[in-house]
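Engineer: Handing you a structure now.
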Amino acid sequence: MIYLVKKMIARISDLFYINQGHQITDEEIYNGNGNIPVYTSSNIIKGYNNNSLVKKEELPCLTYQTKGYSGVISVQKSLFNANNTAVLIIKPKFKKIINLQYIALLLNKEFKNILTSESGVSYLNKDLVSKIELKLLTNTKGKIDIDLQNKFIDKYNEIIKYKKTIENKIININNIMNHELNIENYQVITMEKIALLNKGSNKISEENIYNNFKKDGIPVYSSATINEGLMGTVSQDFFNNSNKQGKASELTWTTNGYAGVVFYRETDYLYSEKCGRIILRNNYQEIINPKYLKIYLNQITYKYKTAESNNGKLDILHMSNIPVKLPINIDGKIDINIQNLIVGKYEKLLEIKINLEKILLKCNDKLNI
């Protein structure tokens, strides 16, 4: 938590009354002539009627979803009605010493522990909610302290605002890195002329990796994108006896799933039958930086994948026909120095992004999310 102070334990039933309305039919909404909004479970106004789940004097209050989007909690400041919704109405003696946003934050965590599920639908049981015990901030006399709650919320909102700023910076960097390079002078060559393309071995399996596992050994990659497709690591002997061996400084791409994502491989590796391998041809090895090729391909492969599976497919045939823009010098020759300059700038952006993501983790830790 953000503050390390004394706390007291109180049950929800000690602090609040819990109300749940009946299911509102479309007919009731249609025939209603009021101006009280009726919300759907996704917080969209479905219509209006003249009944509210709370009275004006009971506002503000807390509401939470009891079915479907169960556990979603918010502070409600105006009259409303909704299906699958319960209301926590604060008892009069606690009104001046409880910050509802503070309680909402505590409940967000507690609800996760008591959610039930039936046929894929989540539920929150009223009796279980009433028995939830919350740790409330107290002063030196052991009394519930509204000032400490307010300070907690102010700090919390400050971190949320800072976190949003960091997230926007990461979005901006991603937009820059994913936007197709604007190259003024270039030569276009298709991938089939630039590189040899193949796919991995059908003998790569989880069982083989398990039986030949070696910590810090040779990495094995699949067509997944999580953790850059790493399936595990195997012994040098298993690598040496494999018929399809990837080499350091090569590229691979995902042929299925999130098709078209290209990775640069720092070390020797093995790769599965749904993982594509890009091997620069001899006449291009000295004039094309594979890291430049990775950057460029990741910006355009989405245009060439098919919709044969959930997130598309980019097989060897599709990759072969992708045209690549290669920067040229004043003599019209492919210029690796310009490629290196571009790679340097992108690596700097990636470094900034990684540092920002570390800051996000620290924010989440402070928010105790």
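Within each chain, counting starts at residue 1; across the structure tokens, chains are named A, B, ... in the order shown, with ligands numbered 1 upward in that order.
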Could I get the residues of region 112-174 of chain A with an atom no further than 12 Å from an atom of region 6-12 of chain A, each paired with its nearest atom pair and that distance in Å to one decimal, using only C-alpha atoms, sorted by chain and residue number, as JSON lines?
Structural biologist:
{"residue": "A:Lys126", "atom": "CA", "partner": "A:Ile12", "partner_atom": "CA", "distance": 10.6}
{"residue": "A:Asp127", "atom": "CA", "partner": "A:Ile12", "partner_atom": "CA", "distance": 10.2}
{"residue": "A:Leu128", "atom": "CA", "partner": "A:Ile12", "partner_atom": "CA", "distance": 9.7}
{"residue": "A:Val129", "atom": "CA", "partner": "A:Ile12", "partner_atom": "CA", "distance": 7.1}
{"residue": "A:Ser130", "atom": "CA", "partner": "A:Ile12", "partner_atom": "CA", "distance": 5.1}
{"residue": "A:Lys131", "atom": "CA", "partner": "A:Arg11", "partner_atom": "CA", "distance": 5.8}
{"residue": "A:Ile132", "atom": "CA", "partner": "A:Arg11", "partner_atom": "CA", "distance": 5.5}
{"residue": "A:Glu133", "atom": "CA", "partner": "A:Arg11", "partner_atom": "CA", "distance": 4.3}
{"residue": "A:Leu134", "atom": "CA", "partner": "A:Ala10", "partner_atom": "CA", "distance": 5.4}
{"residue": "A:Lys135", "atom": "CA", "partner": "A:Ile9", "partner_atom": "CA", "distance": 4.6}
{"residue": "A:Leu136", "atom": "CA", "partner": "A:Lys7", "partner_atom": "CA", "distance": 5.1}
{"residue": "A:Leu137", "atom": "CA", "partner": "A:Lys7", "partner_atom": "CA", "distance": 4.5}
{"residue": "A:Thr138", "atom": "CA", "partner": "A:Lys7", "partner_atom": "CA", "distance": 5.2}
{"residue": "A:Asn139", "atom": "CA", "partner": "A:Lys6", "partner_atom": "CA", "distance": 7.1}
{"residue": "A:Thr140", "atom": "CA", "partner": "A:Lys6", "partner_atom": "CA", "distance": 7.7}
{"residue": "A:Lys141", "atom": "CA", "partner": "A:Lys6", "partner_atom": "CA", "distance": 9.8}
{"residue": "A:Gly142", "atom": "CA", "partner": "A:Met8", "partner_atom": "CA", "distance": 7.3}
{"residue": "A:Lys143", "atom": "CA", "partner": "A:Met8", "partner_atom": "CA", "distance": 8.1}
{"residue": "A:Ile144", "atom": "CA", "partner": "A:Met8", "partner_atom": "CA", "distance": 7.6}
{"residue": "A:Asp145", "atom": "CA", "partner": "A:Lys7", "partner_atom": "CA", "distance": 9.5}
{"residue": "A:Leu148", "atom": "CA", "partner": "A:Lys6", "partner_atom": "CA", "distance": 10.4}
{"residue": "A:Gln149", "atom": "CA", "partner": "A:Lys7", "partner_atom": "CA", "distance": 11.1}
Engineer: Selected residues, C-alpha atoms, written as a PDB file, in the first residue's frame, please.
Structural biologist:
ATOM      1  CA  LYS A 126     -24.653 -10.750  -1.620  1.00  0.00           C
ATOM      2  CA  ASP A 127     -23.985 -12.703   1.586  1.00  0.00           C
ATOM      3  CA  LEU A 128     -20.318 -13.134   0.723  1.00  0.00           C
ATOM      4  CA  VAL A 129     -20.000  -9.424  -0.034  1.00  0.00           C
ATOM      5  CA  SER A 130     -21.572  -8.517   3.311  1.00  0.00           C
ATOM      6  CA  LYS A 131     -18.940 -10.583   5.145  1.00  0.00           C
ATOM      7  CA  ILE A 132     -15.933  -8.949   3.473  1.00  0.00           C
ATOM      8  CA  GLU A 133     -13.584  -7.464   6.054  1.00  0.00           C
ATOM      9  CA  LEU A 134     -11.771  -4.237   5.124  1.00  0.00           C
ATOM     10  CA  LYS A 135      -8.707  -2.725   6.750  1.00  0.00           C
ATOM     11  CA  LEU A 136      -9.504   0.955   7.304  1.00  0.00           C
ATOM     12  CA  LEU A 137      -6.908   3.644   7.983  1.00  0.00           C
ATOM     13  CA  THR A 138      -7.049   4.969  11.537  1.00  0.00           C
ATOM     14  CA  ASN A 139      -5.535   7.824  13.515  1.00  0.00           C
ATOM     15  CA  THR A 140      -3.381   7.526  16.633  1.00  0.00           C
ATOM     16  CA  LYS A 141      -6.510   7.055  18.740  1.00  0.00           C
ATOM     17  CA  GLY A 142      -7.603   4.073  16.666  1.00  0.00           C
ATOM     18  CA  LYS A 143     -10.514   5.938  15.062  1.00  0.00           C
ATOM     19  CA  ILE A 144     -11.340   5.775  11.339  1.00  0.00           C
ATOM     20  CA  ASP A 145      -9.498   8.730   9.780  1.00  0.00           C
ATOM     21  CA  LEU A 148      -5.726   9.701   5.808  1.00  0.00           C
ATOM     22  CA  GLN A 149      -8.179   8.172   3.341  1.00  0.00           C
TER      23      GLN A 149
END
Engineer: Give me the residues near Ile328 (chain A) as a ChimeraX atom specification, where near means some atom within 10 Å (using only C-alpha atoms) and where sequence neighbours in that chain fewer than 4 positions away do not count.
Structural biologist: /A:183-187,332-339
Engineer: Since we have the selection now, will you write its residues out, keeping N, CA and C atoms, as a compact mmCIF listing (two decimals), in the first residue's frame?
Structural biologist:
# COMPACT_ATOMS: atom_id res chain seq x y z
N ILE A 183 11.57 6.69 -46.73
CA ILE A 183 12.90 6.69 -47.34
C ILE A 183 12.81 7.41 -48.68
N GLU A 184 13.64 8.43 -48.86
CA GLU A 184 13.57 9.24 -50.09
C GLU A 184 14.20 8.53 -51.28
N ASN A 185 15.39 8.00 -51.11
CA ASN A 185 16.09 7.34 -52.21
C ASN A 185 16.29 5.87 -51.87
N TYR A 186 15.70 5.02 -52.69
CA TYR A 186 15.74 3.59 -52.35
C TYR A 186 15.64 2.73 -53.60
N GLN A 187 15.97 1.47 -53.39
CA GLN A 187 15.82 0.44 -54.41
C GLN A 187 14.87 -0.61 -53.84
N GLY A 332 23.55 5.26 -56.38
CA GLY A 332 22.47 4.31 -56.65
C GLY A 332 22.71 2.92 -56.09
N LYS A 333 23.71 2.82 -55.22
CA LYS A 333 24.01 1.51 -54.62
C LYS A 333 23.41 1.41 -53.22
N ILE A 334 23.06 0.18 -52.84
CA ILE A 334 22.48 -0.05 -51.51
C ILE A 334 23.46 0.44 -50.45
N ASP A 335 22.96 1.27 -49.53
CA ASP A 335 23.81 1.93 -48.54
C ASP A 335 23.55 1.35 -47.15
N ILE A 336 24.49 0.54 -46.66
CA ILE A 336 24.33 -0.06 -45.34
C ILE A 336 24.51 0.95 -44.23
N ASN A 337 25.26 2.05 -44.52
CA ASN A 337 25.47 3.07 -43.49
C ASN A 337 24.16 3.76 -43.10
N ILE A 338 23.31 4.01 -44.08
CA ILE A 338 22.00 4.61 -43.78
C ILE A 338 21.16 3.61 -42.98
N GLN A 339 21.23 2.34 -43.35
CA GLN A 339 20.51 1.31 -42.59
C GLN A 339 20.98 1.28 -41.14
Engineer: Between A:Lys93, A:Lys151, A:Arg281, A:Lys164, which one has atoms that come closest to Leu196 (chain A), using only C-alpha atoms?
Structural biologist: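 Looking at the shortest contact to Leu196 (chain A), the residue is A:Arg281.
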Engineer: Which residues, written as a PyMOL selection string, have at least one atom at most 12 Å from Leu251 (chain A), with only C-alpha atoms counted and residues fewer than 3 positions away on the same chain left out?
Structural biologist: chain A and resi 195-199+221+228+246-248+254+260-269+271+275-280+289-295+297-298
Engineer: Now that the selection is made, can you save its residues with N, CA and C atoms as a CSV table (one decimal), in the first residue's frame?
Structural biologist:
chain,number,residue,atom,x,y,z
A,195,ALA,N,16.7,-13.1,-49.7
A,195,ALA,CA,17.0,-14.1,-48.7
A,195,ALA,C,16.4,-15.5,-49.1
A,196,LEU,N,17.0,-16.5,-48.5
A,196,LEU,CA,16.5,-17.9,-48.6
A,196,LEU,C,15.5,-18.0,-47.5
A,197,LEU,N,14.3,-18.6,-47.8
A,197,LEU,CA,13.3,-18.7,-46.8
A,197,LEU,C,12.9,-20.1,-46.5
A,198,ASN,N,12.8,-20.5,-45.3
A,198,ASN,CA,12.3,-21.9,-45.0
A,198,ASN,C,11.6,-21.9,-43.7
A,199,LYS,N,11.1,-23.1,-43.4
A,199,LYS,CA,10.4,-23.3,-42.1
A,199,LYS,C,11.1,-24.4,-41.3
A,221,TYR,N,12.5,-21.9,-30.9
A,221,TYR,CA,11.4,-20.9,-31.1
A,221,TYR,C,10.3,-21.5,-31.8
A,228,GLU,N,8.9,-13.7,-27.4
A,228,GLU,CA,9.6,-13.8,-28.7
A,228,GLU,C,9.5,-15.2,-29.2
A,246,GLY,N,19.3,-22.8,-36.9
A,246,GLY,CA,19.3,-21.4,-37.2
A,246,GLY,C,20.6,-20.9,-36.6
A,247,LYS,N,21.1,-19.8,-37.3
A,247,LYS,CA,22.4,-19.2,-36.9
A,247,LYS,C,22.2,-17.8,-36.3
A,248,ALA,N,23.2,-17.4,-35.5
A,248,ALA,CA,23.1,-16.1,-34.9
A,248,ALA,C,23.1,-15.0,-35.9
A,254,THR,N,6.8,-15.2,-37.7
A,254,THR,CA,5.7,-16.1,-37.4
A,254,THR,C,4.9,-16.3,-38.6
A,260,GLY,N,3.5,-12.8,-39.3
A,260,GLY,CA,4.2,-11.7,-39.9
A,260,GLY,C,5.1,-10.9,-38.9
A,261,VAL,N,5.1,-11.3,-37.7
A,261,VAL,CA,6.0,-10.7,-36.7
A,261,VAL,C,7.4,-11.2,-36.9
A,262,VAL,N,8.4,-10.3,-37.1
A,262,VAL,CA,9.8,-10.7,-37.4
A,262,VAL,C,10.7,-10.5,-36.2
A,263,PHE,N,11.5,-11.4,-35.9
A,263,PHE,CA,12.5,-11.3,-34.7
A,263,PHE,C,13.9,-11.5,-35.2
A,264,TYR,N,14.8,-10.7,-34.5
A,264,TYR,CA,16.2,-10.9,-34.7
A,264,TYR,C,16.8,-11.8,-33.7
A,265,ARG,N,17.5,-12.8,-34.1
A,265,ARG,CA,18.0,-13.9,-33.2
A,265,ARG,C,19.5,-13.6,-32.9
A,266,GLU,N,19.8,-13.4,-31.7
A,266,GLU,CA,21.1,-13.0,-31.3
A,266,GLU,C,22.1,-14.2,-31.3
A,267,THR,N,21.5,-15.4,-31.1
A,267,THR,CA,22.4,-16.6,-31.0
A,267,THR,C,21.9,-17.7,-31.9
A,268,ASP,N,22.7,-18.8,-32.0
A,268,ASP,CA,22.2,-20.0,-32.8
A,268,ASP,C,20.9,-20.5,-32.1
A,269,TYR,N,20.0,-21.2,-32.9
A,269,TYR,CA,18.7,-21.5,-32.4
A,269,TYR,C,18.1,-22.7,-33.2
A,271,TYR,N,14.1,-24.1,-34.6
A,271,TYR,CA,12.8,-23.4,-34.8
A,271,TYR,C,11.8,-24.5,-35.3
A,275,CYS,N,7.5,-21.8,-37.7
A,275,CYS,CA,8.4,-20.6,-37.6
A,275,CYS,C,9.2,-20.5,-38.8
A,276,GLY,N,9.1,-19.3,-39.5
A,276,GLY,CA,9.9,-19.1,-40.7
A,276,GLY,C,11.3,-18.6,-40.4
A,277,ARG,N,12.2,-18.9,-41.3
A,277,ARG,CA,13.6,-18.5,-41.1
A,277,ARG,C,14.1,-17.7,-42.4
A,278,ILE,N,14.7,-16.6,-42.1
A,278,ILE,CA,15.2,-15.7,-43.2
A,278,ILE,C,16.7,-15.7,-43.2
A,279,ILE,N,17.3,-16.2,-44.3
A,279,ILE,CA,18.8,-16.3,-44.4
A,279,ILE,C,19.2,-15.4,-45.5
A,280,LEU,N,19.9,-14.3,-45.2
A,280,LEU,CA,20.4,-13.4,-46.3
A,280,LEU,C,21.3,-14.1,-47.3
A,289,ASN,N,21.7,-4.8,-43.4
A,289,ASN,CA,21.7,-5.0,-42.0
A,289,ASN,C,20.5,-5.8,-41.6
A,290,PRO,N,20.6,-7.0,-41.1
A,290,PRO,CA,19.3,-7.8,-40.8
A,290,PRO,C,18.4,-7.1,-39.8
A,291,LYS,N,19.0,-6.2,-38.9
A,291,LYS,CA,18.1,-5.5,-38.0
A,291,LYS,C,17.3,-4.5,-38.7
A,292,TYR,N,17.9,-3.9,-39.8
A,292,TYR,CA,17.1,-2.9,-40.6
A,292,TYR,C,15.9,-3.7,-41.3
A,293,LEU,N,16.3,-4.9,-41.8
A,293,LEU,CA,15.3,-5.7,-42.5
A,293,LEU,C,14.1,-6.1,-41.5
A,294,LYS,N,14.5,-6.4,-40.3
A,294,LYS,CA,13.5,-6.7,-39.3
A,294,LYS,C,12.5,-5.5,-39.0
A,295,ILE,N,13.1,-4.3,-38.9
A,295,ILE,CA,12.3,-3.1,-38.6
A,295,ILE,C,11.4,-2.9,-39.8
A,297,LEU,N,10.3,-4.9,-42.2
A,297,LEU,CA,9.3,-6.0,-42.4
A,297,LEU,C,8.2,-5.9,-41.4
A,298,ASN,N,8.5,-5.6,-40.1
A,298,ASN,CA,7.5,-5.5,-39.1
A,298,ASN,C,6.5,-4.4,-39.4
Engineer: To test your reading of the structure, identify every residue in region 60-148 of chain A that backbone DSSP assigns to strand (DSSP E or B), and report it as a PyMOL selection string.
Structural biologist: chain A and resi 61-65+67+73-76+81-82+85-90+116-118+121-123+133-138+144
Engineer: Name the residues in contact with Lys46 (chain A) at a cut-off of 12 Å, using only C-alpha atoms, excluding same-chain residues fewer than 2 positions from it; report them as number ranges by chain.
Structural biologist: A: 24-30, 36-44, 48-49, 80-83
Engineer: Which residue is closest to Phe213 (chain A)? Choose from A:Ser78, A:Ser119, A:Gln236, A:Gln65 and count only C-alpha atoms.
Structural biologist: A:Gln236
